[in-house]
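Chemist: My structure is below; once you've seen it, I'll send some questions.
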Protein chains: 2
Amino acid sequence: MKVSISKENHLKAIFHLQQEQGLVTTNALAAALNTRPASVTDMLKKLKDQKLLIYERYKGFKLTGEGRKAAVHIIRKHRLWEFFLVKKLQFRWDEVHDIAEELEHISSRELIDRLDAFLGFPQSDPHGDPIPDSQGRLQIRRQLSLAELPLNKIVQVSGISTQTSEMLELLQYNHIRLGTRLEIRKKFPFDNSLEIKVRNRPPVTLSAQVAKNVLVKDDESLAERR
Amino acid sequence: MKVSISKENHLKAIFHLQQEQGLVTTNALAAALNTRPASVTDMLKKLKDQKLLIYERYKGFKLTGEGRKAAVHIIRKHRLWEFFLVKKLQFRWDEVHDIAEELEHISSRELIDRLDAFLGFPQSDPHGDPIPDSQGRLQIRRQLSLAELPLNKIVQVSGISTQTSEMLELLQYNHIRLGTRLEIRKKFPFDNSLEIKVRNRPPVTLSAQVAKNVLVKDDESLAERR
DNA sequence: TTTTAATTTTAGATTTGTCTAAATTTTATT
DNA sequence: AATAAAATTTAGACAAATCTAAAATTAAAA
């Protein structure tokens, strides 16, 4: 049986939601894919039949090993193509997502492994997300700066690299400290400034200079394995 | 209205048949696309509705200006990707067709124009077929097939019109590739097969089916006058 | 010029992915 | 625990692309 483009999109979205939110719901998946919950239910059944998903009606669902493998491979393709677009074709990092959404569905594995080699086996894509290797291993993320963080990913502040009192004052003022959970809501390519959101606080804007010096890591309270 | 992948494939096949055979029939198109004539008829109606085709039932059909433009753009994408696969990813020229069949449907025009620049605006793909420019201009090449070639005339292989991997493998096996100099030593009227000779190789026999699809032009190292 | 053959088209089904509206099940709130 | 609200699923429909079998049309042959 075949894994269509639509099925691939579902697998990928489920994987991402599983990473970010821990649990995945029919509604959340529908929102992520911009379809209706009823359509998601239909697709869940098909993915279950293909043993890519463990699913019982009304009881929730999650990827099988097979399903996760498929999802990671799609993510690998997406991120390698993004890297290619930015590093070889000179696209800006904020222009490449939609094109990579199409390219990620090209099926040839040989193509993607050769592309990987051509690009020098890059470790992460232009948004700072790690690129799975050809075995489907997704490297654990070490700490990275806010400037490299993808949109809408909830992380915890794990360090400040420039600890001047001016810097710390600014962070204090914005209720950002070690351990704070936050996410990037918007990126402004003009000056690389960021709008970030901390729970129970209004959004604030940080300059690229500040963002570069705020180190973050995956939110451990959400991190979920297997 | 959208031009789906299937529609793109129809447009491209019609264009190619128009070039090669002059006229295009429902049956020929079905054969080229590996579908049934009834399916072709269905699609012809849709393409007509989108003004990509001039079509009257039982009377034949041909591309409109719009349709031709769309077809040429797909061919441009196909050939640029083939060039990329061979020159940048080190694929052999007989391995790239199927992958390019997928890549040609990626829609971003910006992507393809940047790819073109990245590749140095190549004039022809790895099979020797000309690559249309971003304005859709397709250079004409005067070449003829091996089947039409007179005896004992030394020519250079300039293109292969049927690019299945089976065909390309056969040619590879016989040391025939783009640019190869060869001549016809003997013609067998019984089945129209040919004995051909490549320098430093023993003579080999090619079927009429193969000969028809090997395109050649005057040997440039001999024909130095304008 | 009939008759036969080949080509092309229609009619009606099927598959895949989607939708809306209604029904069901689960969760949350008095 | 009863009821209201939210989430999820089913039922039934639709569009796109394809198919088979039969009908219509054109082309070829006798």
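Convention: chains lettered A, B, ... in structure tokens order; per-chain residue numbering from 1; ligands numbered from 1 as shown.
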Using only C-alpha atoms, determine which residues of chain A fall within 12 Å of chain B; present them as a VMD selection string.

Modeler: chain A and resid 81 to 82 84 to 91 95 to 120

Chemist: Could you list, as number ranges by chain, every residue of chain A that has an atom within 9 Å of an atom of chain D, counting only C-alpha atoms (C1' of nucleotides)?

Modeler: A: 25-27, 37-38, 41, 57-58

Chemist: Could you save those same residues with C-alpha atoms as a CSV table (one decimal), in the first residue's frame?

Modeler:
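So the final result, stored in part_23.csv, reads:
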chain,number,residue,atom,x,y,z
A,25,THR,CA,-5.6,15.2,19.7
A,26,THR,CA,-7.8,15.0,16.7
A,27,ASN,CA,-8.6,18.7,16.9
A,37,PRO,CA,-11.6,16.9,12.5
A,38,ALA,CA,-13.8,14.5,10.6
A,41,THR,CA,-10.5,10.7,11.8
A,57,ARG,CA,-11.6,5.4,18.5
A,58,TYR,CA,-12.2,8.1,21.1

Chemist: Put chain B on top of chain A with a least-squares fit on all C-alpha atoms, paired in order, and send it back as a PDB file with C-alpha atoms, in the first residue's frame.

Modeler:
ATOM      1  CA  MET B   1      -0.079   1.822  -2.677  1.00  0.00           C
ATOM      2  CA  LYS B   2       1.539   5.196  -2.881  1.00  0.00           C
ATOM      3  CA  VAL B   3       2.242   7.782  -0.219  1.00  0.00           C
ATOM      4  CA  SER B   4       1.230  11.055  -1.826  1.00  0.00           C
ATOM      5  CA  ILE B   5       2.568  14.449  -0.895  1.00  0.00           C
ATOM      6  CA  SER B   6      -0.597  15.176   1.023  1.00  0.00           C
ATOM      7  CA  LYS B   7      -0.281  11.940   2.941  1.00  0.00           C
ATOM      8  CA  GLU B   8       3.315  12.773   3.757  1.00  0.00           C
ATOM      9  CA  ASN B   9       2.229  16.122   5.083  1.00  0.00           C
ATOM     10  CA  HIS B  10      -0.358  14.488   7.287  1.00  0.00           C
ATOM     11  CA  LEU B  11       2.137  11.961   8.649  1.00  0.00           C
ATOM     12  CA  LYS B  12       4.638  14.663   9.422  1.00  0.00           C
ATOM     13  CA  ALA B  13       2.088  16.884  11.145  1.00  0.00           C
ATOM     14  CA  ILE B  14       0.798  13.977  13.227  1.00  0.00           C
ATOM     15  CA  PHE B  15       4.324  13.148  14.288  1.00  0.00           C
ATOM     16  CA  HIS B  16       5.059  16.716  15.318  1.00  0.00           C
ATOM     17  CA  LEU B  17       1.823  17.085  17.259  1.00  0.00           C
ATOM     18  CA  GLN B  18       2.469  13.757  18.938  1.00  0.00           C
ATOM     19  CA  GLN B  19       5.850  15.062  20.083  1.00  0.00           C
ATOM     20  CA  GLU B  20       4.642  18.445  21.187  1.00  0.00           C
ATOM     21  CA  GLN B  21       1.204  17.827  22.557  1.00  0.00           C
ATOM     22  CA  GLY B  22       1.315  14.137  23.338  1.00  0.00           C
ATOM     23  CA  LEU B  23      -2.114  13.556  21.890  1.00  0.00           C
ATOM     24  CA  VAL B  24      -3.326  14.491  18.452  1.00  0.00           C
ATOM     25  CA  THR B  25      -6.901  15.444  17.672  1.00  0.00           C
ATOM     26  CA  THR B  26      -8.693  15.779  14.388  1.00  0.00           C
ATOM     27  CA  ASN B  27      -9.201  19.474  14.974  1.00  0.00           C
ATOM     28  CA  ALA B  28      -5.611  20.148  15.917  1.00  0.00           C
ATOM     29  CA  LEU B  29      -4.399  18.312  12.854  1.00  0.00           C
ATOM     30  CA  ALA B  30      -6.769  20.247  10.622  1.00  0.00           C
ATOM     31  CA  ALA B  31      -5.491  23.490  12.112  1.00  0.00           C
ATOM     32  CA  ALA B  32      -1.858  22.444  11.647  1.00  0.00           C
ATOM     33  CA  LEU B  33      -2.436  21.554   8.014  1.00  0.00           C
ATOM     34  CA  ASN B  34      -4.745  24.434   7.275  1.00  0.00           C
ATOM     35  CA  THR B  35      -7.573  22.180   6.131  1.00  0.00           C
ATOM     36  CA  ARG B  36     -11.011  21.253   7.536  1.00  0.00           C
ATOM     37  CA  PRO B  37     -11.609  18.510  10.080  1.00  0.00           C
ATOM     38  CA  ALA B  38     -13.720  16.607   7.566  1.00  0.00           C
ATOM     39  CA  SER B  39     -10.772  16.427   5.206  1.00  0.00           C
ATOM     40  CA  VAL B  40      -8.597  15.120   7.987  1.00  0.00           C
ATOM     41  CA  THR B  41     -11.062  12.348   8.740  1.00  0.00           C
ATOM     42  CA  ASP B  42     -11.004  11.328   5.098  1.00  0.00           C
ATOM     43  CA  MET B  43      -7.249  11.146   5.128  1.00  0.00           C
ATOM     44  CA  LEU B  44      -7.111   9.264   8.423  1.00  0.00           C
ATOM     45  CA  LYS B  45      -9.064   6.466   6.826  1.00  0.00           C
ATOM     46  CA  LYS B  46      -6.658   6.237   3.934  1.00  0.00           C
ATOM     47  CA  LEU B  47      -3.642   6.209   6.201  1.00  0.00           C
ATOM     48  CA  LYS B  48      -5.279   3.523   8.275  1.00  0.00           C
ATOM     49  CA  ASP B  49      -5.852   1.391   5.170  1.00  0.00           C
ATOM     50  CA  GLN B  50      -2.156   1.697   4.432  1.00  0.00           C
ATOM     51  CA  LYS B  51      -1.324   0.639   7.983  1.00  0.00           C
ATOM     52  CA  LEU B  52       0.474   3.875   8.676  1.00  0.00           C
ATOM     53  CA  LEU B  53      -1.988   4.802  11.382  1.00  0.00           C
ATOM     54  CA  ILE B  54      -3.962   3.137  14.136  1.00  0.00           C
ATOM     55  CA  TYR B  55      -7.359   4.725  14.035  1.00  0.00           C
ATOM     56  CA  GLU B  56     -10.828   4.024  15.330  1.00  0.00           C
ATOM     57  CA  ARG B  57     -13.549   6.509  14.660  1.00  0.00           C
ATOM     58  CA  TYR B  58     -14.266   8.930  17.473  1.00  0.00           C
ATOM     59  CA  LYS B  59     -11.526   7.229  19.472  1.00  0.00           C
ATOM     60  CA  GLY B  60      -8.413   9.062  18.323  1.00  0.00           C
ATOM     61  CA  PHE B  61      -5.387   7.878  16.393  1.00  0.00           C
ATOM     62  CA  LYS B  62      -1.631   7.474  16.406  1.00  0.00           C
ATOM     63  CA  LEU B  63       1.144   6.461  14.049  1.00  0.00           C
ATOM     64  CA  THR B  64       2.126   2.836  13.616  1.00  0.00           C
ATOM     65  CA  GLY B  65       5.814   1.931  13.490  1.00  0.00           C
ATOM     66  CA  GLU B  66       5.632   2.184   9.737  1.00  0.00           C
ATOM     67  CA  GLY B  67       3.931   5.542   9.914  1.00  0.00           C
ATOM     68  CA  ARG B  68       6.420   6.883  12.375  1.00  0.00           C
ATOM     69  CA  LYS B  69       9.278   5.686  10.185  1.00  0.00           C
ATOM     70  CA  ALA B  70       7.811   7.452   7.188  1.00  0.00           C
ATOM     71  CA  ALA B  71       7.304  10.656   9.165  1.00  0.00           C
ATOM     72  CA  VAL B  72      10.846  10.659  10.504  1.00  0.00           C
ATOM     73  CA  HIS B  73      12.222  10.162   7.022  1.00  0.00           C
ATOM     74  CA  ILE B  74      10.338  13.200   5.773  1.00  0.00           C
ATOM     75  CA  ILE B  75      11.661  15.218   8.689  1.00  0.00           C
ATOM     76  CA  ARG B  76      15.151  14.007   7.878  1.00  0.00           C
ATOM     77  CA  LYS B  77      14.779  15.226   4.329  1.00  0.00           C
ATOM     78  CA  HIS B  78      13.336  18.559   5.411  1.00  0.00           C
ATOM     79  CA  ARG B  79      16.140  19.295   7.823  1.00  0.00           C
ATOM     80  CA  LEU B  80      18.926  18.184   5.520  1.00  0.00           C
ATOM     81  CA  TRP B  81      17.595  20.435   2.777  1.00  0.00           C
ATOM     82  CA  GLU B  82      17.361  23.333   5.223  1.00  0.00           C
ATOM     83  CA  PHE B  83      20.945  22.773   6.170  1.00  0.00           C
ATOM     84  CA  PHE B  84      21.928  22.710   2.512  1.00  0.00           C
ATOM     85  CA  LEU B  85      20.054  25.909   1.750  1.00  0.00           C
ATOM     86  CA  VAL B  86      21.706  27.809   4.588  1.00  0.00           C
ATOM     87  CA  LYS B  87      25.201  26.393   4.454  1.00  0.00           C
ATOM     88  CA  LYS B  88      25.682  25.993   0.736  1.00  0.00           C
ATOM     89  CA  LEU B  89      23.310  28.449  -0.891  1.00  0.00           C
ATOM     90  CA  GLN B  90      23.657  31.196   1.743  1.00  0.00           C
ATOM     91  CA  PHE B  91      19.997  31.548   2.530  1.00  0.00           C
ATOM     92  CA  ARG B  92      19.153  33.024   5.919  1.00  0.00           C
ATOM     93  CA  TRP B  93      17.734  30.533   8.387  1.00  0.00           C
ATOM     94  CA  ASP B  94      14.385  32.328   8.384  1.00  0.00           C
ATOM     95  CA  GLU B  95      13.977  32.010   4.619  1.00  0.00           C
ATOM     96  CA  VAL B  96      14.345  28.299   4.120  1.00  0.00           C
ATOM     97  CA  HIS B  97      11.275  26.686   5.610  1.00  0.00           C
ATOM     98  CA  ASP B  98       8.907  27.001   2.664  1.00  0.00           C
ATOM     99  CA  ILE B  99      11.459  25.785   0.150  1.00  0.00           C
ATOM    100  CA  ALA B 100      12.279  22.797   2.324  1.00  0.00           C
ATOM    101  CA  GLU B 101       8.556  22.035   2.528  1.00  0.00           C
ATOM    102  CA  GLU B 102       8.737  21.334  -1.180  1.00  0.00           C
ATOM    103  CA  LEU B 103      12.097  19.625  -1.271  1.00  0.00           C
ATOM    104  CA  GLU B 104      11.161  17.207   1.499  1.00  0.00           C
ATOM    105  CA  HIS B 105       8.853  15.384  -0.907  1.00  0.00           C
ATOM    106  CA  ILE B 106      11.545  14.420  -3.389  1.00  0.00           C
ATOM    107  CA  SER B 107      11.533  10.674  -3.121  1.00  0.00           C
ATOM    108  CA  SER B 108      15.009   9.345  -3.909  1.00  0.00           C
ATOM    109  CA  ARG B 109      16.607   7.844  -0.836  1.00  0.00           C
ATOM    110  CA  GLU B 110      19.939   7.640  -2.599  1.00  0.00           C
ATOM    111  CA  LEU B 111      19.755  11.370  -3.181  1.00  0.00           C
ATOM    112  CA  ILE B 112      19.180  12.137   0.453  1.00  0.00           C
ATOM    113  CA  ASP B 113      21.918   9.855   1.700  1.00  0.00           C
ATOM    114  CA  ARG B 114      24.379  11.426  -0.713  1.00  0.00           C
ATOM    115  CA  LEU B 115      23.248  14.883   0.279  1.00  0.00           C
ATOM    116  CA  ASP B 116      23.822  13.910   3.907  1.00  0.00           C
ATOM    117  CA  ALA B 117      27.384  12.848   3.090  1.00  0.00           C
ATOM    118  CA  PHE B 118      27.988  15.958   0.993  1.00  0.00           C
ATOM    119  CA  LEU B 119      26.955  18.107   3.939  1.00  0.00           C
ATOM    120  CA  GLY B 120      29.195  16.182   6.325  1.00  0.00           C
ATOM    121  CA  PHE B 121      26.457  14.346   8.230  1.00  0.00           C
ATOM    122  CA  PRO B 122      25.208  17.369  10.138  1.00  0.00           C
ATOM    123  CA  GLN B 123      23.626  16.737  13.543  1.00  0.00           C
ATOM    124  CA  SER B 124      21.081  19.521  13.505  1.00  0.00           C
ATOM    125  CA  ASP B 125      19.419  21.895  11.099  1.00  0.00           C
ATOM    126  CA  PRO B 126      19.796  25.693  11.058  1.00  0.00           C
ATOM    127  CA  HIS B 127      16.978  26.061  13.601  1.00  0.00           C
ATOM    128  CA  GLY B 128      18.726  23.719  16.012  1.00  0.00           C
ATOM    129  CA  ASP B 129      16.447  20.749  15.453  1.00  0.00           C
ATOM    130  CA  PRO B 130      18.139  17.363  15.342  1.00  0.00           C
ATOM    131  CA  ILE B 131      18.449  15.608  11.974  1.00  0.00           C
ATOM    132  CA  PRO B 132      17.447  11.935  12.034  1.00  0.00           C
ATOM    133  CA  ASP B 133      20.116   9.608  10.635  1.00  0.00           C
ATOM    134  CA  SER B 134      19.560   7.305   7.674  1.00  0.00           C
ATOM    135  CA  GLN B 135      18.317   4.607  10.029  1.00  0.00           C
ATOM    136  CA  GLY B 136      15.620   6.950  11.274  1.00  0.00           C
ATOM    137  CA  ARG B 137      17.170   7.462  14.680  1.00  0.00           C
ATOM    138  CA  LEU B 138      16.195  10.817  16.096  1.00  0.00           C
ATOM    139  CA  GLN B 139      18.262  12.044  18.983  1.00  0.00           C
ATOM    140  CA  ILE B 140      16.296  13.378  21.915  1.00  0.00           C
ATOM    141  CA  ARG B 141      17.124  16.805  23.173  1.00  0.00           C
ATOM    142  CA  ARG B 142      16.047  18.101  26.525  1.00  0.00           C
ATOM    143  CA  GLN B 143      14.980  21.631  26.103  1.00  0.00           C
ATOM    144  CA  LEU B 144      12.158  23.701  27.390  1.00  0.00           C
ATOM    145  CA  SER B 145      10.257  26.669  26.123  1.00  0.00           C
ATOM    146  CA  LEU B 146      10.822  30.241  27.242  1.00  0.00           C
ATOM    147  CA  ALA B 147       7.311  30.177  28.661  1.00  0.00           C
ATOM    148  CA  GLU B 148       8.381  27.547  31.191  1.00  0.00           C
ATOM    149  CA  LEU B 149      11.671  29.151  32.127  1.00  0.00           C
ATOM    150  CA  PRO B 150      12.183  30.588  35.605  1.00  0.00           C
ATOM    151  CA  LEU B 151      13.223  34.220  36.108  1.00  0.00           C
ATOM    152  CA  ASN B 152      16.839  35.279  35.884  1.00  0.00           C
ATOM    153  CA  LYS B 153      18.227  32.050  34.607  1.00  0.00           C
ATOM    154  CA  ILE B 154      20.649  32.495  31.735  1.00  0.00           C
ATOM    155  CA  VAL B 155      20.028  30.035  28.934  1.00  0.00           C
ATOM    156  CA  GLN B 156      20.850  29.558  25.286  1.00  0.00           C
ATOM    157  CA  VAL B 157      18.288  29.472  22.496  1.00  0.00           C
ATOM    158  CA  SER B 158      18.358  25.945  21.106  1.00  0.00           C
ATOM    159  CA  GLY B 159      15.370  25.767  18.801  1.00  0.00           C
ATOM    160  CA  ILE B 160      12.254  27.413  17.419  1.00  0.00           C
ATOM    161  CA  SER B 161       9.209  25.219  17.224  1.00  0.00           C
ATOM    162  CA  THR B 162       6.990  27.343  14.983  1.00  0.00           C
ATOM    163  CA  GLN B 163       9.021  28.093  11.944  1.00  0.00           C
ATOM    164  CA  THR B 164       6.859  30.487  10.039  1.00  0.00           C
ATOM    165  CA  SER B 165       8.763  33.275   8.380  1.00  0.00           C
ATOM    166  CA  GLU B 166       6.709  35.781  10.380  1.00  0.00           C
ATOM    167  CA  MET B 167       7.912  34.248  13.621  1.00  0.00           C
ATOM    168  CA  LEU B 168      11.487  34.079  12.467  1.00  0.00           C
ATOM    169  CA  GLU B 169      11.378  37.661  11.299  1.00  0.00           C
ATOM    170  CA  LEU B 170      10.181  38.799  14.699  1.00  0.00           C
ATOM    171  CA  LEU B 171      13.022  36.979  16.410  1.00  0.00           C
ATOM    172  CA  GLN B 172      15.547  38.285  13.934  1.00  0.00           C
ATOM    173  CA  TYR B 173      14.316  41.796  14.678  1.00  0.00           C
ATOM    174  CA  ASN B 174      14.895  41.272  18.385  1.00  0.00           C
ATOM    175  CA  HIS B 175      18.338  39.807  17.848  1.00  0.00           C
ATOM    176  CA  ILE B 176      17.309  36.395  19.015  1.00  0.00           C
ATOM    177  CA  ARG B 177      18.770  33.491  17.098  1.00  0.00           C
ATOM    178  CA  LEU B 178      20.146  30.040  17.703  1.00  0.00           C
ATOM    179  CA  GLY B 179      22.724  30.131  20.422  1.00  0.00           C
ATOM    180  CA  THR B 180      21.708  33.547  21.749  1.00  0.00           C
ATOM    181  CA  ARG B 181      22.126  33.810  25.531  1.00  0.00           C
ATOM    182  CA  LEU B 182      19.270  35.439  27.345  1.00  0.00           C
ATOM    183  CA  GLU B 183      17.313  35.527  30.565  1.00  0.00           C
ATOM    184  CA  ILE B 184      13.831  36.458  31.673  1.00  0.00           C
ATOM    185  CA  ARG B 185      13.700  39.715  33.639  1.00  0.00           C
ATOM    186  CA  LYS B 186      10.003  39.952  34.318  1.00  0.00           C
ATOM    187  CA  LYS B 187       6.805  38.044  33.762  1.00  0.00           C
ATOM    188  CA  PHE B 188       3.456  39.761  33.292  1.00  0.00           C
ATOM    189  CA  PRO B 189       0.697  37.469  34.521  1.00  0.00           C
ATOM    190  CA  PHE B 190      -1.978  39.569  32.821  1.00  0.00           C
ATOM    191  CA  ASP B 191      -1.176  38.160  29.374  1.00  0.00           C
ATOM    192  CA  ASN B 192       1.791  35.943  30.223  1.00  0.00           C
ATOM    193  CA  SER B 193       4.108  38.144  28.252  1.00  0.00           C
ATOM    194  CA  LEU B 194       7.766  38.287  29.247  1.00  0.00           C
ATOM    195  CA  GLU B 195      10.488  40.858  29.382  1.00  0.00           C
ATOM    196  CA  ILE B 196      13.736  39.296  28.325  1.00  0.00           C
ATOM    197  CA  LYS B 197      17.297  40.547  28.247  1.00  0.00           C
ATOM    198  CA  VAL B 198      20.044  39.764  25.779  1.00  0.00           C
ATOM    199  CA  ARG B 199      23.533  40.974  26.575  1.00  0.00           C
ATOM    200  CA  ASN B 200      24.396  44.363  25.070  1.00  0.00           C
ATOM    201  CA  ARG B 201      20.802  44.985  24.019  1.00  0.00           C
ATOM    202  CA  PRO B 202      17.918  46.812  25.589  1.00  0.00           C
ATOM    203  CA  PRO B 203      15.250  44.595  27.157  1.00  0.00           C
ATOM    204  CA  VAL B 204      12.391  43.535  24.923  1.00  0.00           C
ATOM    205  CA  THR B 205       8.948  42.139  25.560  1.00  0.00           C
ATOM    206  CA  LEU B 206       7.744  38.902  23.999  1.00  0.00           C
ATOM    207  CA  SER B 207       4.174  37.665  23.889  1.00  0.00           C
ATOM    208  CA  ALA B 208       3.239  34.331  25.436  1.00  0.00           C
ATOM    209  CA  GLN B 209       2.646  33.014  21.943  1.00  0.00           C
ATOM    210  CA  VAL B 210       6.199  33.722  20.951  1.00  0.00           C
ATOM    211  CA  ALA B 211       7.681  32.545  24.244  1.00  0.00           C
ATOM    212  CA  LYS B 212       5.966  29.206  23.919  1.00  0.00           C
ATOM    213  CA  ASN B 213       7.799  28.552  20.702  1.00  0.00           C
ATOM    214  CA  VAL B 214      11.283  29.589  21.658  1.00  0.00           C
ATOM    215  CA  LEU B 215      13.149  26.590  23.018  1.00  0.00           C
ATOM    216  CA  VAL B 216      16.116  26.994  25.304  1.00  0.00           C
ATOM    217  CA  LYS B 217      18.589  24.878  27.151  1.00  0.00           C
ATOM    218  CA  ASP B 218      21.171  25.452  29.868  1.00  0.00           C
ATOM    219  CA  ASP B 219      23.915  27.845  28.875  1.00  0.00           C
ATOM    220  CA  GLU B 220      26.742  25.510  27.995  1.00  0.00           C
ATOM    221  CA  SER B 221      29.450  28.053  28.690  1.00  0.00           C
ATOM    222  CA  LEU B 222      28.255  28.035  32.293  1.00  0.00           C
ATOM    223  CA  ALA B 223      27.221  24.443  32.668  1.00  0.00           C
ATOM    224  CA  GLU B 224      30.504  22.767  31.999  1.00  0.00           C
ATOM    225  CA  ARG B 225      29.976  19.866  34.352  1.00  0.00           C
ATOM    226  CA  ARG B 226      28.578  16.757  32.879  1.00  0.00           C
TER     227      ARG B 226
END

Chemist: Give me the residues of chain C that have any atom at most 10 Å from an atom of chain A; for each, the nearest atom pair and the distance in Å, rounded to one decimal. Use only C-alpha atoms (C1' of nucleotides), sort by chain and number, and format it as a tab-separated table.

Modeler:
residue	atom	partner	partner_atom	distance
C:DT16	C1'	A:Ser4	CA	9.4
C:DG17	C1'	A:Ser6	CA	8.1
C:DT18	C1'	A:Ser39	CA	6.4
C:DC19	C1'	A:Ser39	CA	7.8
C:DT20	C1'	A:Ala38	CA	9.5
C:DT24	C1'	A:Tyr58	CA	9.8
C:DT25	C1'	A:Tyr58	CA	7.0
C:DT26	C1'	A:Tyr58	CA	7.7

Chemist: Give me every strand (DSSP E) residue in chain A, going by DSSP on the backbone, as a PyMOL selection string.

Modeler: chain A and resi 53-56+60-63+144-145+155-160+181-188+193-198+204-206+214-218

Chemist: Write a file of the selected residues as a compact mmCIF listing (two decimals), in the first residue's frame, keeping N, CA and C atoms.

Modeler:
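What landed in selection-v2.txt:
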# COMPACT_ATOMS: atom_id res chain seq x y z
N LEU A 53 0.14 3.68 12.73
CA LEU A 53 -0.44 4.38 13.85
C LEU A 53 -1.14 3.37 14.75
N ILE A 54 -1.06 3.63 16.07
CA ILE A 54 -1.87 2.87 17.00
C ILE A 54 -3.06 3.75 17.34
N TYR A 55 -4.24 3.25 17.11
CA TYR A 55 -5.41 4.13 17.21
C TYR A 55 -6.62 3.31 17.65
N GLU A 56 -7.31 3.83 18.65
CA GLU A 56 -8.59 3.26 19.03
C GLU A 56 -9.57 4.42 19.16
N GLY A 60 -7.63 8.18 21.51
CA GLY A 60 -6.35 8.80 21.17
C GLY A 60 -5.52 7.92 20.26
N PHE A 61 -4.32 8.39 19.93
CA PHE A 61 -3.49 7.67 18.96
C PHE A 61 -2.05 8.10 19.11
N LYS A 62 -1.14 7.25 18.60
CA LYS A 62 0.25 7.65 18.49
C LYS A 62 0.94 6.80 17.43
N LEU A 63 2.07 7.28 16.95
CA LEU A 63 2.79 6.61 15.87
C LEU A 63 3.35 5.27 16.32
N LEU A 144 20.90 25.85 22.51
CA LEU A 144 21.11 26.77 21.39
C LEU A 144 20.59 28.14 21.77
N SER A 145 20.94 29.12 20.96
CA SER A 145 20.53 30.48 21.31
C SER A 145 19.12 30.75 20.80
N VAL A 155 10.45 26.28 24.81
CA VAL A 155 11.75 25.87 25.37
C VAL A 155 11.92 26.50 26.74
N GLN A 156 13.00 26.05 27.39
CA GLN A 156 13.33 26.60 28.70
C GLN A 156 14.64 27.35 28.60
N VAL A 157 14.72 28.49 29.24
CA VAL A 157 15.97 29.24 29.24
C VAL A 157 16.99 28.46 30.06
N SER A 158 18.14 28.20 29.46
CA SER A 158 19.13 27.36 30.14
C SER A 158 20.44 28.10 30.38
N GLY A 159 20.55 29.32 29.88
CA GLY A 159 21.79 30.05 30.13
C GLY A 159 21.76 31.43 29.48
N ILE A 160 22.61 32.31 29.99
CA ILE A 160 22.76 33.64 29.42
C ILE A 160 24.24 33.79 29.16
N ARG A 181 9.96 29.26 30.77
CA ARG A 181 9.48 28.63 29.53
C ARG A 181 8.99 29.73 28.60
N LEU A 182 9.39 29.66 27.35
CA LEU A 182 8.95 30.68 26.40
C LEU A 182 8.96 30.11 25.00
N GLU A 183 8.38 30.85 24.09
CA GLU A 183 8.41 30.46 22.68
C GLU A 183 8.49 31.71 21.81
N ILE A 184 8.97 31.54 20.62
CA ILE A 184 9.03 32.66 19.67
C ILE A 184 7.73 32.71 18.89
N ARG A 185 7.12 33.87 18.91
CA ARG A 185 5.85 34.03 18.21
C ARG A 185 6.03 34.56 16.80
N LYS A 186 7.05 35.36 16.62
CA LYS A 186 7.21 36.00 15.30
C LYS A 186 8.68 36.39 15.13
N LYS A 187 9.13 36.31 13.89
CA LYS A 187 10.49 36.74 13.61
C LYS A 187 10.41 37.85 12.57
N PHE A 188 11.17 38.90 12.79
CA PHE A 188 11.17 40.02 11.85
C PHE A 188 12.48 40.02 11.08
N SER A 193 14.85 40.82 14.79
CA SER A 193 14.29 40.88 16.13
C SER A 193 13.19 39.84 16.26
N LEU A 194 12.81 39.52 17.48
CA LEU A 194 11.87 38.44 17.76
C LEU A 194 10.78 38.90 18.70
N GLU A 195 9.58 38.38 18.47
CA GLU A 195 8.55 38.57 19.48
C GLU A 195 8.45 37.27 20.24
N ILE A 196 8.60 37.33 21.55
CA ILE A 196 8.52 36.10 22.33
C ILE A 196 7.39 36.17 23.33
N LYS A 197 6.99 34.97 23.78
CA LYS A 197 5.84 34.87 24.65
C LYS A 197 6.19 34.00 25.85
N VAL A 198 5.95 34.56 27.02
CA VAL A 198 6.09 33.79 28.25
C VAL A 198 4.68 33.63 28.81
N VAL A 204 6.60 40.15 24.24
CA VAL A 204 7.59 41.23 24.19
C VAL A 204 8.53 41.01 23.01
N THR A 205 9.15 42.08 22.60
CA THR A 205 10.07 42.01 21.47
C THR A 205 11.51 42.09 21.97
N LEU A 206 12.35 41.20 21.44
CA LEU A 206 13.77 41.21 21.79
C LEU A 206 14.60 41.48 20.54
N VAL A 214 20.78 34.61 24.66
CA VAL A 214 19.90 33.83 25.54
C VAL A 214 19.94 32.39 25.06
N LEU A 215 20.40 31.51 25.92
CA LEU A 215 20.51 30.11 25.53
C LEU A 215 19.31 29.34 26.06
N VAL A 216 18.83 28.42 25.23
CA VAL A 216 17.63 27.67 25.60
C VAL A 216 17.83 26.20 25.27
N LYS A 217 16.98 25.37 25.86
CA LYS A 217 16.98 23.94 25.52
C LYS A 217 15.54 23.46 25.53
N ASP A 218 15.34 22.23 25.02
CA ASP A 218 14.00 21.68 24.98
C ASP A 218 13.36 21.73 26.36

Chemist: Looking only at the backbone, which of the residues in range 7-164 of chain A does DSSP tag as helix (DSSP H, G or I), as number ranges by chain?

Modeler: A: 7-21, 26-33, 37-49, 65-87, 97-103, 109-118, 146-148
